[in-house]
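To be precise, the following lines are model-v4.csv, and they hold CSV, C-alpha atoms.
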chain,number,residue,atom,x,y,z
A,1,MET,CA,-37.1,-25.7,1.7
A,2,PHE,CA,-35.0,-23.4,-0.5
A,3,ARG,CA,-34.4,-21.0,2.4
A,4,PHE,CA,-33.1,-23.9,4.5
A,5,ILE,CA,-30.7,-25.0,1.8
A,6,LYS,CA,-29.5,-21.4,1.2
A,7,ILE,CA,-28.9,-20.7,5.0
A,8,THR,CA,-27.2,-24.1,5.5
A,9,ALA,CA,-24.9,-23.6,2.5
A,10,ALA,CA,-24.0,-20.1,3.7
A,11,GLY,CA,-23.2,-21.4,7.1
A,12,GLY,CA,-21.0,-24.1,5.6
A,13,ILE,CA,-19.1,-21.4,3.6
A,14,VAL,CA,-18.7,-19.2,6.6
A,15,PHE,CA,-17.2,-22.2,8.5
A,16,ILE,CA,-15.0,-23.8,5.7
A,17,VAL,CA,-13.5,-20.7,4.0
A,18,PRO,CA,-11.7,-19.4,7.1
A,19,LEU,CA,-10.3,-22.8,7.8
A,20,LEU,CA,-9.1,-23.2,4.3
A,21,LEU,CA,-7.4,-19.8,4.5
A,22,ILE,CA,-5.7,-20.7,7.7
A,23,VAL,CA,-4.4,-24.0,6.2
A,24,ILE,CA,-3.1,-22.2,3.2
A,25,LEU,CA,-1.3,-19.6,5.3
A,26,VAL,CA,0.3,-22.2,7.5
A,27,GLU,CA,1.5,-24.2,4.5
A,28,LYS,CA,3.0,-21.0,3.0
A,29,ALA,CA,4.7,-20.2,6.3
A,30,LEU,CA,6.2,-23.7,6.4
A,31,ARG,CA,7.6,-23.2,3.0
A,32,ILE,CA,9.1,-19.9,3.9
A,33,LEU,CA,10.7,-21.3,7.1
A,34,GLU,CA,12.0,-24.4,5.3
A,35,GLY,CA,15.3,-22.9,4.1
A,36,PRO,CA,16.3,-21.1,7.3
A,37,VAL,CA,15.3,-24.0,9.6
A,38,LEU,CA,17.2,-26.6,7.6
A,39,LYS,CA,20.3,-24.4,7.4
A,40,LEU,CA,20.3,-23.8,11.2
A,41,MET,CA,19.5,-27.5,11.9
A,42,PRO,CA,20.6,-29.7,9.1
A,43,ILE,CA,20.1,-32.8,11.3
A,44,LEU,CA,16.3,-32.4,10.7
A,45,ALA,CA,16.5,-33.1,7.0
A,46,GLY,CA,14.7,-36.3,6.1
A,47,LYS,CA,14.0,-37.4,9.7
A,48,SER,CA,10.4,-38.2,10.7
A,49,VAL,CA,8.5,-39.5,13.7
A,50,ALA,CA,5.1,-41.1,13.2
A,51,GLY,CA,5.0,-39.8,9.6
A,52,ILE,CA,5.6,-36.2,10.6
A,53,THR,CA,9.0,-34.7,9.6
A,54,LEU,CA,11.0,-33.2,12.5
A,55,PHE,CA,11.3,-30.1,10.3
A,56,THR,CA,7.5,-29.7,10.3
A,57,VAL,CA,7.4,-30.0,14.1
A,58,VAL,CA,10.2,-27.4,14.6
A,59,ALA,CA,8.6,-25.1,11.9
A,60,LEU,CA,5.2,-25.2,13.6
A,61,ILE,CA,6.8,-24.4,17.0
A,62,ALA,CA,8.6,-21.5,15.3
A,63,ILE,CA,5.3,-20.3,13.8
A,64,VAL,CA,3.6,-20.4,17.2
A,65,LEU,CA,6.5,-18.6,18.8
A,66,ILE,CA,6.5,-15.9,16.1
A,67,CYS,CA,2.8,-15.4,16.4
A,68,PHE,CA,3.1,-15.1,20.2
A,69,LEU,CA,5.9,-12.5,20.0
A,70,ALA,CA,3.9,-10.6,17.3
A,71,GLY,CA,0.8,-10.7,19.6
A,72,LEU,CA,2.9,-9.2,22.5
A,73,ALA,CA,4.2,-6.5,20.2
A,74,ALA,CA,0.8,-5.8,18.8
A,75,LYS,CA,-0.4,-4.8,22.3
A,76,THR,CA,1.9,-1.8,22.5
A,77,THR,CA,0.3,1.7,21.8
A,78,PRO,CA,2.5,2.5,18.7
A,79,ALA,CA,1.7,-1.0,17.2
A,80,LYS,CA,-2.0,-0.5,17.7
A,81,ALA,CA,-1.9,2.9,16.0
A,82,PHE,CA,0.1,1.4,13.1
A,83,LEU,CA,-2.3,-1.6,12.8
A,84,ARG,CA,-5.3,0.7,12.8
A,85,PHE,CA,-3.7,2.9,10.0
A,86,LEU,CA,-2.8,-0.3,8.1
A,87,GLU,CA,-6.3,-1.8,8.4
A,88,GLU,CA,-8.1,1.5,7.5
A,89,ASN,CA,-6.0,2.4,4.5
A,90,ILE,CA,-4.6,-0.9,3.0
A,91,LEU,CA,-5.8,-4.2,4.5
A,92,GLY,CA,-9.5,-3.2,4.7
A,93,LYS,CA,-9.5,-3.0,0.9
A,94,VAL,CA,-8.1,-6.5,0.4
A,95,PRO,CA,-10.8,-9.0,-0.4
A,96,GLY,CA,-11.2,-11.6,2.3
A,97,TYR,CA,-9.0,-9.8,4.9
A,98,GLN,CA,-11.9,-9.1,7.3
A,99,LEU,CA,-13.1,-12.7,7.0
A,100,LEU,CA,-9.6,-14.1,7.8
A,101,LYS,CA,-9.2,-11.7,10.7
A,102,GLU,CA,-12.5,-12.8,12.2
A,103,ALA,CA,-11.7,-16.4,11.6
A,104,THR,CA,-8.4,-16.2,13.4
A,105,SER,CA,-10.0,-14.3,16.3
A,106,ARG,CA,-12.6,-17.1,16.7
A,107,VAL,CA,-10.1,-19.9,16.5
A,108,ALA,CA,-8.0,-18.1,19.1
A,109,GLY,CA,-11.1,-17.8,21.3
A,110,LEU,CA,-11.2,-14.1,21.3
A,111,GLU,CA,-13.0,-11.5,19.3
A,112,ASP,CA,-11.1,-8.3,18.4
A,113,LEU,CA,-13.4,-6.0,20.4
A,114,GLU,CA,-11.1,-4.3,22.8
A,115,GLY,CA,-13.0,-1.6,24.7
A,116,THR,CA,-16.3,-2.7,23.3
A,117,ARG,CA,-19.1,-3.2,25.8
A,118,ILE,CA,-22.2,-5.2,25.5
A,119,GLY,CA,-25.5,-3.4,26.0
A,120,LEU,CA,-29.2,-4.1,25.9
A,121,ILE,CA,-31.4,-1.6,23.9
A,122,SER,CA,-35.0,-1.0,24.8
A,123,ASN,CA,-37.3,-0.9,21.8
A,124,ASP,CA,-41.1,-1.1,21.5
A,125,GLU,CA,-41.2,-4.9,21.5
A,126,GLY,CA,-38.5,-5.7,24.1
A,127,TRP,CA,-34.7,-5.7,24.4
A,128,LEU,CA,-32.0,-6.3,21.9
A,129,PHE,CA,-28.3,-7.1,22.5
A,130,CYS,CA,-25.9,-4.5,21.1
A,131,LEU,CA,-22.2,-3.7,21.0
A,132,VAL,CA,-21.2,-0.3,22.3
A,133,PRO,CA,-17.8,0.6,20.9
A,134,GLU,CA,-17.6,4.2,22.2
A,135,GLN,CA,-18.2,6.2,25.3
A,136,GLU,CA,-21.3,8.3,25.8
A,137,ASN,CA,-21.2,11.7,24.1
A,138,ASN,CA,-23.8,14.4,24.9
A,139,GLY,CA,-26.3,11.8,26.0
A,140,TRP,CA,-25.9,9.6,22.9
A,141,LEU,CA,-24.2,6.3,22.2
A,142,THR,CA,-23.0,4.6,19.1
A,143,VAL,CA,-24.4,1.1,19.0
A,144,TYR,CA,-24.0,-1.9,16.7
A,145,ILE,CA,-27.0,-4.2,16.6
A,146,PRO,CA,-25.8,-7.6,15.3
A,147,ASP,CA,-28.0,-10.0,13.4
A,148,ALA,CA,-28.4,-13.5,14.9
A,149,GLY,CA,-27.8,-16.7,13.0
A,150,PRO,CA,-25.2,-18.1,10.7
A,151,SER,CA,-23.7,-14.7,9.7
A,152,GLY,CA,-21.9,-15.0,13.0
A,153,ALA,CA,-23.0,-11.5,14.1
A,154,THR,CA,-20.9,-10.0,11.2
A,155,ALA,CA,-24.0,-8.4,9.7
A,156,GLY,CA,-26.2,-5.9,11.5
A,157,GLU,CA,-27.1,-2.2,11.9
A,158,LEU,CA,-25.1,0.7,13.2
A,159,LYS,CA,-27.3,3.3,15.0
A,160,LEU,CA,-27.1,6.3,17.3
A,161,PHE,CA,-29.3,5.9,20.4
A,162,PRO,CA,-30.1,8.1,23.4
A,163,ALA,CA,-28.0,6.7,26.3
A,164,ALA,CA,-31.1,6.4,28.4
A,165,LYS,CA,-32.4,3.6,26.1
A,166,VAL,CA,-29.2,1.5,26.4
A,167,ARG,CA,-28.3,-0.6,29.5
A,168,ILE,CA,-24.6,-1.4,29.6
A,169,THR,CA,-24.1,-4.9,30.9
A,170,GLY,CA,-21.1,-6.6,32.5
A,171,LEU,CA,-21.2,-9.4,29.9
A,172,ALA,CA,-18.1,-10.4,27.9
A,173,CYS,CA,-18.4,-10.2,24.1
A,174,LEU,CA,-17.6,-13.8,23.3
A,175,PRO,CA,-20.6,-15.4,25.1
A,176,VAL,CA,-23.0,-13.0,23.6
A,177,LEU,CA,-21.6,-13.4,20.0
A,178,THR,CA,-21.7,-17.2,20.5
A,179,CYS,CA,-25.3,-16.9,21.6
A,180,LEU,CA,-26.1,-14.8,18.5
A,181,ARG,CA,-24.4,-17.4,16.2
A,182,LEU,CA,-26.6,-20.1,17.8
A,183,GLY,CA,-29.8,-18.1,16.9
A,184,GLY,CA,-30.3,-16.7,20.4
A,185,ARG,CA,-30.0,-19.9,22.4
A,186,GLY,CA,-29.1,-18.9,26.0
A,187,ALA,CA,-30.0,-15.2,25.4
A,188,LEU,CA,-32.5,-15.0,28.3
A,189,ALA,CA,-30.0,-16.4,30.8
A,190,LEU,CA,-27.3,-13.9,29.7
A,191,ALA,CA,-29.6,-10.9,29.7
A,192,GLU,CA,-31.7,-11.8,32.8
A,193,PRO,CA,-29.6,-9.8,35.4
A,194,TRP,CA,-30.2,-6.6,33.4
A,195,LEU,CA,-33.8,-7.0,32.4
A,196,PRO,CA,-36.4,-5.0,34.2
A,197,LYS,CA,-38.2,-6.9,37.0
A,198,ASP,CA,-42.0,-6.9,37.0

Rewrite the structure from the file as structure tokens, please.
Amino acid sequence: MFRFIKITAAGGIVFIVPLLLIVILVEKALRILEGPVLKLMPILAGKSVAGITLFTVVALIAIVLICFLAGLAAKTTPAKAFLRFLEENILGKVPGYQLLKEATSRVAGLEDLEGTRIGLISNDEGWLFCLVPEQENNGWLTVYIPDAGPSGATAGELKLFPAAKVRITGLACLPVLTCLRLGGRGALALAEPWLPKD
């Protein structure tokens, strides 16, 4: 019973904390944009439709546009190198940064796993899903074996495996990570094309 309460509470925290962080960031962004937007469009001051101020609508559209443009810029090679440097040396040391990054990736419907492939690892008891972030090197692969359940695949093990024990699949990351978050529901259907036939 205690385990159920503990797991359920942890799942609730993993769900609520990222949402709260996003709400706080949007609220801060609205406050930052308030001055410039009202100076550019003074007609918006005090006007509202259905209880929502026109300033809020314009500011939210501006936030979405800024995020879109930042997303386009982030796809360039220099920006990727700069972001990698920033994450490794500064942002990775900020408490809650990784949690917020994962939450925004999930809300956007994408996981930040560019270049990562999904594999199946053969062990003595069966097959395990794994993430393969790098190319094979001298017959070896780096693999991340995520835990299933409410951790959302954010916990797991990093191992080096002989490439012969890993089957690279054509699966996208998002369905597999969703399956893991659901405790493995749908895993057999996902893995079936790559499992050995009797």

> Between A:Leu33, A:Phe129, A:Gly71, A:Asn137, which is the closest to Ala187 (chain A) once you count all atoms listed in the file?
Replying inline: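 When distances to Ala187 (chain A) are compared using all atoms listed in the file, the smallest one comes from A:Phe129.
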
>> Considering only C-alpha atoms, can you say which of A:Ile61, A:Ala155, A:Val143, A:Leu131 comes closest to Leu174 (chain A)?
In response: A:Leu131

>> Measuring between all atoms listed in the file, which one of A:Cys130, A:Leu171, A:Leu40, A:Ile63 shows the shortest distance to Leu25 (chain A)?
In response: A:Ile63

>> Within 9 Å of (-20.9, 0.8, 24.5) (file coordinates; only C-alpha atoms), which protein or nucleic acid residues are there? I'd like them as a VMD selection string.
In response: chain A and resid 115 to 119 130 to 136 141 to 144 166 168

> For Gly126 (chain A), which residue out of A:Ile5, A:Ala191, A:Leu69, A:Leu158 is the nearest one, using only C-alpha atoms?
Replying inline: A:Ala191
